[in-house]
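What follows is one structure encoded as structure tokens, with my remarks underneath.
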Amino acid sequence: MRLLRAIKHTPMILVLLFILIFLTPMAIFSPGENKNRAVVTAVGIDKMDEQYEVSFLTFIPTANQTYKETNSVISGIGNSVAEAVYEAQLSLGREIGLSHAKTTVVNESLFEEDVTSCLDYLSRIASLSENTIFICTNSSAKEFLKASQSLDDEVGLKLEQLINYNATNIYVSDTSLDAFYKGYYGPEKASIVGYLSLESGQGDASNSPNSEQSGSGSASQGSSSQEGGSASGSGGEEKKQILNKGETILVKEGKLAQKIDDEILNGINLLNADARNQTIHIENVNDELYDNDDLTYTIKNKKVHVSTRFENGYPIYCANVIVGVRLDEINNNGRAKEINTEFSKITPIVEKMIKDKLKSQFSNALKVLRQNKTDVIGVYQTFEKEDRKNFQNFLQNLPDSDDFLSYITFQLVIKVQTE
Amino acid sequence: MKESISSRQLGVLCAVSIFANKILLLPSLLYENAKSDGLFVVGLLFLVDLLILFSFFHLKKKFPVQSFKEILIYFFGKIVTKVIFLAFAVFFMFKVFLIYSTSFIYLKQQVYQGEFAILAIICVLPVINHAALTGLRSMARTIEMFFYIVAFGFVLCLAISTLTYKSSPLFFTSSLGDFASTAFRHIFSFGDYLFLFLIIDKVTLTQKDKKRVLKYVFFAIFLVLILFFLFYSLYQITAFMHNNALSDILIFSVVFNAVGRIDIIAMLTIMFLAIFQMELFHYCFCDAFVNFLPKLNKIFAIVTFDIFFFIVYLMLIGKYENMVIQVEVWLPYLTIMLNYLLPLLLGLFSFKKKSVKNQQIIPNDEEKREEKGMSEEVKI
Amino acid sequence: MPFLNVKTEIAKIKKSFHMGCDFGERLLTKEQGTVGFVYLKSMVDNLLFSQSIYLPLEKFEGDLNATVLTNKVIQCNDVRQIQESEVVDCILKGGVVLIFQNGDYLNVDIQKFPSRIPSEPPTSPVIQGPREGFVEDIKTNMTLLRRSIRSKDLVLKSFFVGKYSNTQVVVAYIDGIADKSIVDKVCQKIEKISIDGIIDSFYVLSFLQDRPNSLFKQIGNTEKPDVVSAKMLEGKVAIIVDNSPIVLTVPFVIFEELQNSNDYYTNHHYSSLVRVIRMLGMLIAIISPGLYLALELYHYNLLPLNFLITIADTAQGLPFTPFLEILFIFLLFQVLYEVSLRLPSYLGLATSIVGALILGDTGVKAGLISPPGVIIVALAKIALYTIPEQASQVSVLQVIFIILGGSLGLGGLVAGMVYFVNYLNTLDSFGTPYLAPYSPRVPEDLKDGVFKSPINDMKTRPKTFKNKNKVRSK
């Protein structure tokens with residue numbers, strides 16, 4: 001009776017009772033979501049013999065006091081990505097939780113066809129976040145994930161940290177899944193995706209973590225680990241190493257168009273004001289200051305002003321680039337010279353050589369972009385914003401509107417100054 | 001004055017009433033049809049909503065103490081009044097369903113990562129029932145209490161996302177036809193200020209008070225427009241893939257990657273806003289229902305709502321696409337009738353007829369309402 | 001003039017006291033007549049009785065009547081003529097009643113019983129400011145108030161409540177500041193109390209609350225005279241109950257609990273900071289165990305990866321599920337708290353060591369409970385005492401939010417918060433909204449809200465509740 005009176009007085013007691021009777025017992029015996037689901041930190045997708053293999057780098061909770069991740073790679077094979085994920089879940093005995101997945105690695109072979117067909121399920125149904133880093137690799141994605149495990153153990157570097165470094169300093173563009181989709185669904189249908197290669201090698205990784213240095217200066221390697229076990233460097237066995245050469249791939253309509261090296265990438269990034277810290281190497285400089293010296297400059301700041309105009313119905317893309325550089329090294333026949341204040345100014349010859357170098361880089365990059373019909377430098381967007389009507393007319397008159405880059409004239413004015 | 005609320009509380013209610021699905025699903029739905037011009041669709045529909053707000057001010061000036069029922073009977077007679085109240089009840093009921101379904105889908109994807117139908121109903125239904133039962137004043141005070149925290153959360157989300165702002169989206173790319181059809185299809189997501197008419201007798205508005213209400217209204221509209229702008233700027237072509245605008249604008253921020261799931265701010269903001277909006281519209285449903293069937297009291301209205309909730313949940317909300325069909329197919333017509341025609345007619349009639357300040361049009365109506373349990377204690 | 005047989009009258013009164021062993025009686029027979037003395041030995045000052053009443057009377061040669069004795073003989077302050085019906089009452093209150101042959105009764109109040117001296121209350125010590133606290137003796141308490149507010153407008157209205165205890169209840173307010181309707185309502189409610197006894201002010205509190213079944217108290221209470229004086233200067237009404245060092249104040253708003261007397265005796269910037277911390281403390285106390293459970297049971301995806309790793313690693317191999325683990329730790333803390341509260345201080349220290357160090361540390365090392373679980377519950381339990389006055393109700397809220405968070409997840413916590421705030425908004429204390437000045441928002445009163453302004457900025461009395469004479473300072 002007292003309870004009835006209390007319920008009449010405060011009906012919410014009824015709700016609390018309902019919760020206590022029906023839901024709390026279930027909650028009391030629930031082990032928690034993190035035990036019901038495998039926490040995935042990276043996803044890898046491979047294709048072999050018309051079948052998909054989806055691999056997950058999952059975090060395995062271990063009772064220890066180090067609070068360090070213990071990971072394992074599990075994978076499933078199926079006719080579709082969904083089936084492969086299901087198989088992986090079966091082998092793991094738990095559901096896959098993709099909310100903490102920060103990296104998606106896709107094997108090069110998947111780019112032979114439209115890669116979105118394999119990404120669609122993960123991003124749409126399985127809640128793979130669009131801010132996940134999206135990269136391509138030459139070898140199997142599964143092997144790549146295995147190799148990535150030892151990065152943390154040996155050089156204290158997580159895979160996403162490595163790629164974030166690349167994204168900020170080398171690609172100077174977002175390498176997320178969303179960035180890829182932006183290009184894919186955009187009118188250009190082109191995107192740029194990060195590329196990390198996996199190479200075989202011998203040696204004890206724990207002794208020489210940076211034995212393979214790439215051209216761009218950021219390199220790391222890993223040792224393959226046994227499936228399901230924690231990563232540990234063990235000498236003698238064949239190792240797969242993640243090599244960072246600063247490479248990227250151009251993707252057109254979800255398919256691989258061309259792999260590009262850091263030189264071309266620097267050319268592409270010339271018009272990107274955020275792209276800094278690239279080095280410019282000029283050789284055999286002879287003038288009042290230098291005597292057949294090799295100079296290395298670093299771009300420390302950059303200002304880019306873009307304008308567009310149409311002449312005879314053809315678009316002209318004008319870019320004024322002011323590059324602030326710093327002299328880093330003077331090399332004379334293998335001997336390094338001391339950099340004094342006298343070298344702080346840029347001589348006309350040096351300026352010309354730097355300009356020529358940058359222009360040639362850009363022209364090479366443009367050649368590649370035109371060849372692959374991949375506008376990843378935002379030319380389409382710029383014209384759409386500045387003069388949409390004329391640009392649309394121009395596109396309509398083209399025999400292949402996808403190839404619009406080839407018909408656009410680029411006028412580049414570069415000014416070099418000290419930082 | 002019974003169940004009266006202050007002008008600040010009215011402003012807060014107006015501000016809170018416009019969020020929910022506008023900050024979740026609507027930006028991506030509008031992008032699908034009108035591209036970035038969805039921003040202008042929202043702007044246009046907000047403008048129309050503002051006209052409703054001004055027509056409310058006008059009506060309030062003409063009928064300072066009368067209830068909406070009295071005003072309607074004065075203009076249209078008893079039978080039409082009943083029909084209008086029925087339409088109001090349906091309108092607000094579906095408003096609650098729409099907000100529930102969008103929040104449900106969002107929470108299911110982002111917060112609960114799986115089935116949580118029973119949990120969602122237990123979280124929402126008792127709270128909104130309790131709010132409707134305790135009345136407008138305590139509800140308005142609750143919303144007022146949380147408003148500044150929620151607004152801070154909202155502004156924080158926008159501020160964090162501005163760190164990733166790169167360039168503005170391309171505007172004026174959709175055709176006029178697309179623009180108009182998009183506006184029509186999503187009109188039900190607007191017209192939130194209709195609730196004002198139902199509480200017309202529960203607020204006193206001086207010129208200063210009106211300015212205060214408008215301040216809150218413009219603040220809320222500004223926040224929503226900024227959200228649309230930032231969302232379209234950030235995602236541009238992939239905006240159609242992102243169904244949870246306020247939450248999704250945060251996921252690319254540096255802070256997100258450094259701190260962790262910073263979008264928990266957005267989640268909490270959305271949860272609070274959705275509950276408040278549902279509380280308000282549920283209250284409006286009950287009010288309209290009691291006016292439609294004056295012999296029944298508020299508890300009956302709440303029970304009716306709950307029954308409909310379960311029926312509609314099984315039929316529509318369980319499958320979200322069905323709810324979208326309802327929203328886009330027949331609800332726009334109801335919205336146009338209530339949201340545009342009614343205020344217009346009321347405005348026109350009130351211009352024609354003489355002002356009836358401080359005069360009870362229908363005697364004893366207030367007393368009848370009091371008996372039905374629609375009133376609360378005296379204002380403090 | 002009636003002639004009374006004093007001896008018979010004394011016997012009659014003694015009989016009415018069931019011939020109690022502490023019943024005192026004396027008879028003074030002189031030529032001028034006979035005077036009887038009746039009193040309770042345990043309630044009066046025996047020395048004062050003999051020196052100020054009996055001896056002067058024995059020496060007095062004049063006519064023995066009430067008026068003469070009052071004016072010329074008895075050397076006490078509180079002497080008054082009473083009716084026959086009042087005799088028993090006066091004796092019970094510690095008076096000596098003189099019975100005259102002519103039927104007059106005289107009460108001399110010389111009550112004396114053991115009483116504490118005002119000392120710093122253990123519940124609200126201050127770093128700066130007055131260190132006095134109320135005591136059980138109502139007279140001392142009234143003195144403390146009078147000393148604080150030396151104004152003729154300080155009104156002390158007395159009531160006697162309780163069929164057997166006959167406890168004195170005093171309603172104190174400042175005439176000209178307190179609203180009459182509130183005073184009248186308080187007086188009416190006290191007059192209406194029908195109970196066998198009032199042991200403590202909490203008994204009165206239950207009768208004053210509009211919704212006595214509510215979890216949330218709607219009446220303020222304090223042990224400090226300076227706090228009561230400050231509240232009365234705001235226009236509040238104080239209720240002092242004999243035998244209780246806790247004085248009640250009405251109207252009450254929940255944000256009063258955020259204020260501490262120390263805030264007014266220190267820099268206002270610091271006070272504001274401390275208030276923010278107190279509020280956060282309350283929020284942490286209520287929400288954190290429920291939130292931790294919700295995150296662990298339903299929303300692992302909301303935890304940053306590094307945090308998730310720590311939690312998952314530490315929870316690995318525990319025999320309890322997360323819900324049971326939190327309940328177990330919660331129970332452990334609550335038991336320890338109850339034990340340490342009731343044990344003598346030297347044992348209390350030992351219990352703390354056993355509880356905190358041995359049980360907690362060993363529990364973790366034995367793999368029964370996880371460190372994050374201990375930290376969260378300990379944090380919640382410690383945070384509870386940022387506002388000790390609210391500790392009891394917040395403890396109940398903690399349990400409710402553990403159930404909500406554990407059973408419904410984050411949605412349950414949000415819904416619970418909205419529900420409780422909505423519920424609090426339906427409460428009012430003597431016409432004052434419970435959550436004022438934040439809900440409804442009263443901008444003028446926010447000067448003494450979470451952020452405090454200096455005293456000279458608070459020029460008006462709070463608008464949140466009814467009071468007269470709004471201006472405090474110019």
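The chains in the structure tokens are called A, B, ... from first to last as shown; in each chain the residues are counted from 1, and the ligands are counted from 1 in the order shown.
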
Identify every residue of chain B that has at least one atom within 8 Å of any atom of chain A, counting only C-alpha atoms, and report the result as an mmCIF file with C-alpha atoms, in the first residue's frame.
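This went into result-v1.cif:
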data_model
loop_
_atom_site.group_PDB
_atom_site.id
_atom_site.type_symbol
_atom_site.label_atom_id
_atom_site.label_comp_id
_atom_site.auth_asym_id
_atom_site.auth_seq_id
_atom_site.Cartn_x
_atom_site.Cartn_y
_atom_site.Cartn_z
ATOM 1 C CA GLN B 109 24.800 5.205 -34.867
ATOM 2 C CA ILE B 122 12.499 4.761 -21.553
ATOM 3 C CA PRO B 126 8.751 9.404 -19.126
ATOM 4 C CA LEU B 170 30.002 27.059 -54.017
ATOM 5 C CA TYR B 235 32.278 18.771 -46.443
ATOM 6 C CA GLN B 236 31.143 20.405 -49.664
ATOM 7 C CA ILE B 237 30.593 17.573 -52.112
ATOM 8 C CA THR B 238 30.435 14.848 -49.447
ATOM 9 C CA ILE B 251 35.630 15.046 -36.487
ATOM 10 C CA PHE B 252 38.329 16.670 -38.599
#

Can you pull out every residue within 9 Å of Gly313 (chain A), counting only C-alpha atoms, but drop anything in the same chain fewer than 5 positions away, and send it as a PyMOL selection string?
chain A and resi 390-391+393-394

Writer output for current selection, N, CA, C and O atoms, as a PDB file, in the first residue's frame:
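Contents of again-v2.pdb, as written:
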ATOM      1  N   ASN A 390      31.357  31.349 -67.716  1.00  0.00           N
ATOM      2  CA  ASN A 390      32.336  31.169 -68.801  1.00  0.00           C
ATOM      3  C   ASN A 390      32.987  29.803 -68.745  1.00  0.00           C
ATOM      4  O   ASN A 390      33.245  29.178 -69.770  1.00  0.00           O
ATOM      5  N   PHE A 391      33.232  29.354 -67.518  1.00  0.00           N
ATOM      6  CA  PHE A 391      33.917  28.072 -67.365  1.00  0.00           C
ATOM      7  C   PHE A 391      33.020  26.930 -67.833  1.00  0.00           C
ATOM      8  O   PHE A 391      33.478  26.010 -68.511  1.00  0.00           O
ATOM      9  N   ASN A 393      30.662  27.186 -70.052  1.00  0.00           N
ATOM     10  CA  ASN A 393      30.628  27.280 -71.527  1.00  0.00           C
ATOM     11  C   ASN A 393      31.854  26.620 -72.126  1.00  0.00           C
ATOM     12  O   ASN A 393      31.779  25.873 -73.100  1.00  0.00           O
ATOM     13  N   PHE A 394      32.991  26.916 -71.491  1.00  0.00           N
ATOM     14  CA  PHE A 394      34.257  26.350 -71.967  1.00  0.00           C
ATOM     15  C   PHE A 394      34.226  24.821 -71.897  1.00  0.00           C
ATOM     16  O   PHE A 394      34.604  24.137 -72.859  1.00  0.00           O
TER      17      PHE A 394
END

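Set the cut-off at 8 Å, count only C-alpha atoms, and the residues of chain B near chain C turn out to be Gln9, Val111, Tyr112, Gln113, Leu119, Ala120, Cys123, Val124, Val127, His130, Ala131, Thr134, Ser138, Met139, Arg141, Thr142, Glu144, Met145, Val259, Gly260, Arg261, Ile264, Leu268, Met271, Phe272, Ile275 and Ile380 of chain B.
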
Go ahead and dump the residues you just picked, C-alpha atoms, as an mmCIF file, in the first residue's frame.
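Result saved to again-v6.cif:
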data_model
loop_
_atom_site.group_PDB
_atom_site.id
_atom_site.type_symbol
_atom_site.label_atom_id
_atom_site.label_comp_id
_atom_site.auth_asym_id
_atom_site.auth_seq_id
_atom_site.Cartn_x
_atom_site.Cartn_y
_atom_site.Cartn_z
ATOM 1 C CA GLN B 9 11.818 32.050 -20.806
ATOM 2 C CA VAL B 111 26.355 6.888 -29.184
ATOM 3 C CA TYR B 112 24.936 3.416 -28.680
ATOM 4 C CA GLN B 113 26.413 1.608 -31.696
ATOM 5 C CA LEU B 119 16.355 2.238 -23.846
ATOM 6 C CA ALA B 120 15.531 5.220 -26.063
ATOM 7 C CA CYS B 123 14.904 7.673 -21.707
ATOM 8 C CA VAL B 124 12.546 9.924 -23.609
ATOM 9 C CA VAL B 127 10.720 12.637 -19.151
ATOM 10 C CA HIS B 130 6.541 14.402 -16.794
ATOM 11 C CA ALA B 131 7.367 17.770 -18.325
ATOM 12 C CA THR B 134 4.073 19.518 -14.592
ATOM 13 C CA SER B 138 8.529 24.275 -14.777
ATOM 14 C CA MET B 139 9.411 23.141 -18.289
ATOM 15 C CA ARG B 141 12.421 27.080 -16.187
ATOM 16 C CA THR B 142 14.218 23.805 -16.816
ATOM 17 C CA GLU B 144 16.111 28.210 -19.191
ATOM 18 C CA MET B 145 18.431 26.581 -16.675
ATOM 19 C CA VAL B 259 42.025 14.926 -27.152
ATOM 20 C CA GLY B 260 39.862 12.089 -28.355
ATOM 21 C CA ARG B 261 36.143 12.047 -28.894
ATOM 22 C CA ILE B 264 30.812 14.156 -27.061
ATOM 23 C CA LEU B 268 25.271 15.973 -25.226
ATOM 24 C CA MET B 271 20.533 15.055 -26.606
ATOM 25 C CA PHE B 272 19.523 17.968 -24.413
ATOM 26 C CA ILE B 275 14.591 16.333 -25.231
ATOM 27 C CA ILE B 380 6.240 34.433 -8.648
#

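Near Ser352 (chain C), within a cut-off of 8 Å and counting only C-alpha atoms, sit the residues C:Leu336, C:Ser340, C:Gly348, C:Ala356, C:Leu357, with same-chain residues fewer than 4 positions away left out.
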
Residues of region 47-231 of chain B in alpha helix (DSSP H), written as number ranges by chain:
B: 47-62, 68-76, 78-106, 117-134, 136-162, 176-185, 195-198, 207-231

Give me the chain A side of the contact with chain C, cut-off 6 Å, one line per residue showing its nearest atom pair and distance in Å at one decimal, counting only C-alpha atoms, sorted by chain and residue number, as a tab-separated table.
residue	atom	partner	partner_atom	distance
A:Leu23	CA	C:Ser407	CA	5.6
A:Thr24	CA	C:Ser407	CA	5.1
A:Ala27	CA	C:Ser407	CA	5.4
A:Ile28	CA	C:Phe323	CA	5.1
A:Pro31	CA	C:Thr321	CA	5.1
A:Gly32	CA	C:Leu297	CA	4.0
A:Glu33	CA	C:Leu297	CA	5.2
A:Asn34	CA	C:Tyr300	CA	5.9
A:Pro61	CA	C:Asp313	CA	4.8
A:Thr62	CA	C:Asp313	CA	4.9
A:Ala63	CA	C:Asp313	CA	4.9
A:Tyr67	CA	C:Thr310	CA	5.5
A:Ser99	CA	C:Asn301	CA	5.6

Long-range neighbours of Lys474 (chain C) as a ChimeraX atom specification, 9 Å cut-off, only C-alpha atoms, 2 positions minimum in chain:
/C:456,459-460,471-472

Keeping only all heavy atoms, take the residues you just selected and write them out as a compact mmCIF listing (two decimals), in the first residue's frame.
# COMPACT_ATOMS: atom_id res chain seq x y z
N ASN C 456 29.98 45.36 -1.05
CA ASN C 456 29.46 46.72 -1.35
C ASN C 456 28.77 46.82 -2.70
O ASN C 456 28.16 47.82 -3.03
CB ASN C 456 30.58 47.76 -1.21
CG ASN C 456 31.78 47.42 -2.05
OD1 ASN C 456 31.91 46.28 -2.50
ND2 ASN C 456 32.66 48.37 -2.28
N LYS C 459 23.84 45.86 -3.34
CA LYS C 459 23.16 46.98 -2.71
C LYS C 459 21.71 46.69 -2.38
O LYS C 459 21.09 47.41 -1.61
CB LYS C 459 23.26 48.22 -3.63
CG LYS C 459 24.69 48.72 -3.77
CD LYS C 459 24.72 50.03 -4.52
CE LYS C 459 26.13 50.47 -4.85
NZ LYS C 459 27.00 50.68 -3.71
N THR C 460 21.18 45.67 -3.00
CA THR C 460 19.77 45.37 -2.73
C THR C 460 19.63 43.97 -2.12
O THR C 460 20.50 43.13 -2.29
CB THR C 460 18.94 45.41 -4.03
OG1 THR C 460 19.58 44.55 -4.97
CG2 THR C 460 18.84 46.80 -4.59
N VAL C 471 16.44 48.01 -0.29
CA VAL C 471 17.80 48.58 -0.31
C VAL C 471 18.60 48.12 0.90
O VAL C 471 18.15 48.21 2.03
CB VAL C 471 17.72 50.13 -0.36
CG1 VAL C 471 19.12 50.73 -0.41
CG2 VAL C 471 16.92 50.56 -1.57
N ARG C 472 19.78 47.60 0.67
CA ARG C 472 20.66 47.16 1.77
C ARG C 472 21.71 48.20 2.09
O ARG C 472 22.01 48.48 3.22
CB ARG C 472 21.41 45.89 1.36
CG ARG C 472 20.57 44.70 1.23
CD ARG C 472 21.44 43.50 0.99
NE ARG C 472 21.94 43.01 2.28
CZ ARG C 472 22.38 41.76 2.45
NH1 ARG C 472 22.42 40.94 1.45
NH2 ARG C 472 22.80 41.36 3.61

Gly76 (chain A): which residues within 12 Å, counting only C-alpha atoms, same-chain residues fewer than 2 positions away excluded, as an mmCIF file with N, CA, C and O atoms, in the first residue's frame?
data_model
loop_
_atom_site.group_PDB
_atom_site.id
_atom_site.type_symbol
_atom_site.label_atom_id
_atom_site.label_comp_id
_atom_site.auth_asym_id
_atom_site.auth_seq_id
_atom_site.Cartn_x
_atom_site.Cartn_y
_atom_site.Cartn_z
ATOM 1 N N VAL A 43 42.321 -0.858 -40.389
ATOM 2 C CA VAL A 43 41.637 -1.816 -41.270
ATOM 3 C C VAL A 43 42.478 -1.982 -42.543
ATOM 4 O O VAL A 43 43.023 -1.004 -43.053
ATOM 5 N N GLY A 44 42.584 -3.193 -43.004
ATOM 6 C CA GLY A 44 43.296 -3.423 -44.254
ATOM 7 C C GLY A 44 42.428 -4.240 -45.209
ATOM 8 O O GLY A 44 41.736 -5.158 -44.775
ATOM 9 N N ILE A 45 42.445 -3.875 -46.483
ATOM 10 C CA ILE A 45 41.622 -4.612 -47.451
ATOM 11 C C ILE A 45 42.507 -5.102 -48.602
ATOM 12 O O ILE A 45 43.275 -4.324 -49.178
ATOM 13 N N ASP A 46 42.380 -6.373 -48.889
ATOM 14 C CA ASP A 46 43.116 -6.972 -50.010
ATOM 15 C C ASP A 46 42.136 -7.665 -50.949
ATOM 16 O O ASP A 46 41.020 -8.001 -50.544
ATOM 17 N N LYS A 47 42.603 -7.854 -52.165
ATOM 18 C CA LYS A 47 41.769 -8.617 -53.094
ATOM 19 C C LYS A 47 42.624 -9.688 -53.742
ATOM 20 O O LYS A 47 43.738 -9.409 -54.208
ATOM 21 N N GLN A 51 38.318 -12.555 -54.575
ATOM 22 C CA GLN A 51 37.808 -12.581 -53.197
ATOM 23 C C GLN A 51 38.448 -11.463 -52.389
ATOM 24 O O GLN A 51 39.575 -11.047 -52.667
ATOM 25 N N TYR A 52 37.703 -10.989 -51.417
ATOM 26 C CA TYR A 52 38.225 -9.900 -50.575
ATOM 27 C C TYR A 52 38.743 -10.480 -49.267
ATOM 28 O O TYR A 52 38.156 -11.400 -48.705
ATOM 29 N N GLU A 53 39.849 -9.911 -48.833
ATOM 30 C CA GLU A 53 40.334 -10.260 -47.496
ATOM 31 C C GLU A 53 40.375 -8.969 -46.674
ATOM 32 O O GLU A 53 41.065 -7.998 -47.040
ATOM 33 N N VAL A 54 39.619 -8.964 -45.621
ATOM 34 C CA VAL A 54 39.606 -7.762 -44.764
ATOM 35 C C VAL A 54 40.349 -8.109 -43.478
ATOM 36 O O VAL A 54 40.045 -9.101 -42.815
ATOM 37 N N SER A 55 41.347 -7.300 -43.150
ATOM 38 C CA SER A 55 42.155 -7.548 -41.953
ATOM 39 C C SER A 55 41.941 -6.412 -40.957
ATOM 40 O O SER A 55 41.752 -5.262 -41.339
ATOM 41 N N PHE A 56 41.964 -6.788 -39.709
ATOM 42 C CA PHE A 56 41.777 -5.778 -38.660
ATOM 43 C C PHE A 56 42.932 -5.836 -37.683
ATOM 44 O O PHE A 56 43.304 -6.933 -37.230
ATOM 45 N N VAL A 73 46.528 -9.066 -35.449
ATOM 46 C CA VAL A 73 45.869 -8.895 -36.748
ATOM 47 C C VAL A 73 44.978 -10.104 -36.999
ATOM 48 O O VAL A 73 45.440 -11.235 -36.941
ATOM 49 N N ILE A 74 43.736 -9.840 -37.258
ATOM 50 C CA ILE A 74 42.853 -10.942 -37.629
ATOM 51 C C ILE A 74 42.223 -10.606 -38.968
ATOM 52 O O ILE A 74 42.060 -9.434 -39.312
ATOM 53 N N GLY A 78 36.129 -13.349 -47.969
ATOM 54 C CA GLY A 78 34.771 -13.557 -48.453
ATOM 55 C C GLY A 78 34.601 -13.022 -49.855
ATOM 56 O O GLY A 78 35.490 -12.332 -50.381
ATOM 57 N N ASN A 79 33.446 -13.304 -50.430
ATOM 58 C CA ASN A 79 33.188 -12.825 -51.789
ATOM 59 C C ASN A 79 32.908 -11.335 -51.829
ATOM 60 O O ASN A 79 32.997 -10.687 -52.849
ATOM 61 N N SER A 80 32.488 -10.818 -50.701
ATOM 62 C CA SER A 80 32.284 -9.376 -50.601
ATOM 63 C C SER A 80 32.956 -8.910 -49.317
ATOM 64 O O SER A 80 33.337 -9.728 -48.468
ATOM 65 N N VAL A 81 33.054 -7.600 -49.175
ATOM 66 C CA VAL A 81 33.680 -7.042 -47.967
ATOM 67 C C VAL A 81 32.851 -7.417 -46.747
ATOM 68 O O VAL A 81 33.391 -7.792 -45.697
ATOM 69 N N ALA A 82 31.520 -7.329 -46.902
ATOM 70 C CA ALA A 82 30.632 -7.637 -45.781
ATOM 71 C C ALA A 82 30.841 -9.073 -45.311
ATOM 72 O O ALA A 82 30.909 -9.341 -44.109
ATOM 73 N N GLU A 83 30.981 -9.970 -46.292
ATOM 74 C CA GLU A 83 31.166 -11.377 -45.952
ATOM 75 C C GLU A 83 32.526 -11.587 -45.264
ATOM 76 O O GLU A 83 32.639 -12.342 -44.295
ATOM 77 N N ALA A 84 33.521 -10.878 -45.762
ATOM 78 C CA ALA A 84 34.862 -11.001 -45.178
ATOM 79 C C ALA A 84 34.859 -10.497 -43.730
ATOM 80 O O ALA A 84 35.484 -11.109 -42.857
ATOM 81 N N VAL A 85 34.133 -9.395 -43.500
ATOM 82 C CA VAL A 85 34.041 -8.846 -42.138
ATOM 83 C C VAL A 85 33.344 -9.867 -41.242
ATOM 84 O O VAL A 85 33.779 -10.105 -40.101
ATOM 85 N N TYR A 86 32.306 -10.483 -41.783
ATOM 86 C CA TYR A 86 31.556 -11.477 -41.013
ATOM 87 C C TYR A 86 32.465 -12.651 -40.650
ATOM 88 O O TYR A 86 32.460 -13.137 -39.517
ATOM 89 N N GLU A 87 33.269 -13.078 -41.611
ATOM 90 C CA GLU A 87 34.194 -14.197 -41.376
ATOM 91 C C GLU A 87 35.207 -13.827 -40.289
ATOM 92 O O GLU A 87 35.531 -14.634 -39.428
ATOM 93 N N ALA A 88 35.682 -12.599 -40.377
ATOM 94 C CA ALA A 88 36.663 -12.135 -39.369
ATOM 95 C C ALA A 88 36.036 -12.134 -37.984
ATOM 96 O O ALA A 88 36.660 -12.531 -36.997
ATOM 97 N N GLN A 89 34.776 -11.714 -37.925
ATOM 98 C CA GLN A 89 34.062 -11.707 -36.650
ATOM 99 C C GLN A 89 33.924 -13.119 -36.119
ATOM 100 O O GLN A 89 34.090 -13.364 -34.916
ATOM 101 N N LEU A 90 33.640 -14.030 -37.030
ATOM 102 C CA LEU A 90 33.486 -15.439 -36.621
ATOM 103 C C LEU A 90 34.785 -15.971 -36.023
ATOM 104 O O LEU A 90 34.789 -16.602 -34.968
ATOM 105 N N SER A 91 35.881 -15.660 -36.710
ATOM 106 C CA SER A 91 37.165 -16.187 -36.224
ATOM 107 C C SER A 91 37.551 -15.538 -34.899
ATOM 108 O O SER A 91 38.233 -16.144 -34.084
ATOM 109 N N LEU A 92 37.099 -14.326 -34.689
ATOM 110 C CA LEU A 92 37.442 -13.609 -33.449
ATOM 111 C C LEU A 92 36.464 -13.933 -32.326
ATOM 112 O O LEU A 92 36.798 -13.838 -31.147
ATOM 113 N N ILE A 96 32.950 -6.610 -34.440
ATOM 114 C CA ILE A 96 34.017 -5.675 -34.751
ATOM 115 C C ILE A 96 33.532 -4.260 -34.428
ATOM 116 O O ILE A 96 32.452 -3.861 -34.843
ATOM 117 N N LYS A 142 47.235 -6.811 -45.252
ATOM 118 C CA LYS A 142 47.347 -7.611 -44.034
ATOM 119 C C LYS A 142 48.795 -7.588 -43.527
ATOM 120 O O LYS A 142 49.056 -7.367 -42.341
#

Any idea what's packed within 10 Å of Asn169 (chain A), counting only C-alpha atoms, ignoring anything in its chain fewer than 4 positions away? Could you give it as a VMD selection string?
chain A and resid 163 to 165 173 216 246 274 to 278

Contact residues around Val203 (chain B) with only C-alpha atoms at 6 Å, ignoring same-chain residues under 2 positions, as a list of chain:residue names:
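Surrounding residues, per the criterion: B:Ser4, B:Ile5, B:Asp201.
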
Using only C-alpha atoms, the best pick from B:Val12, B:Ile336, B:Leu51, B:Val90 as closest to Cys286 (chain B) would be B:Val90
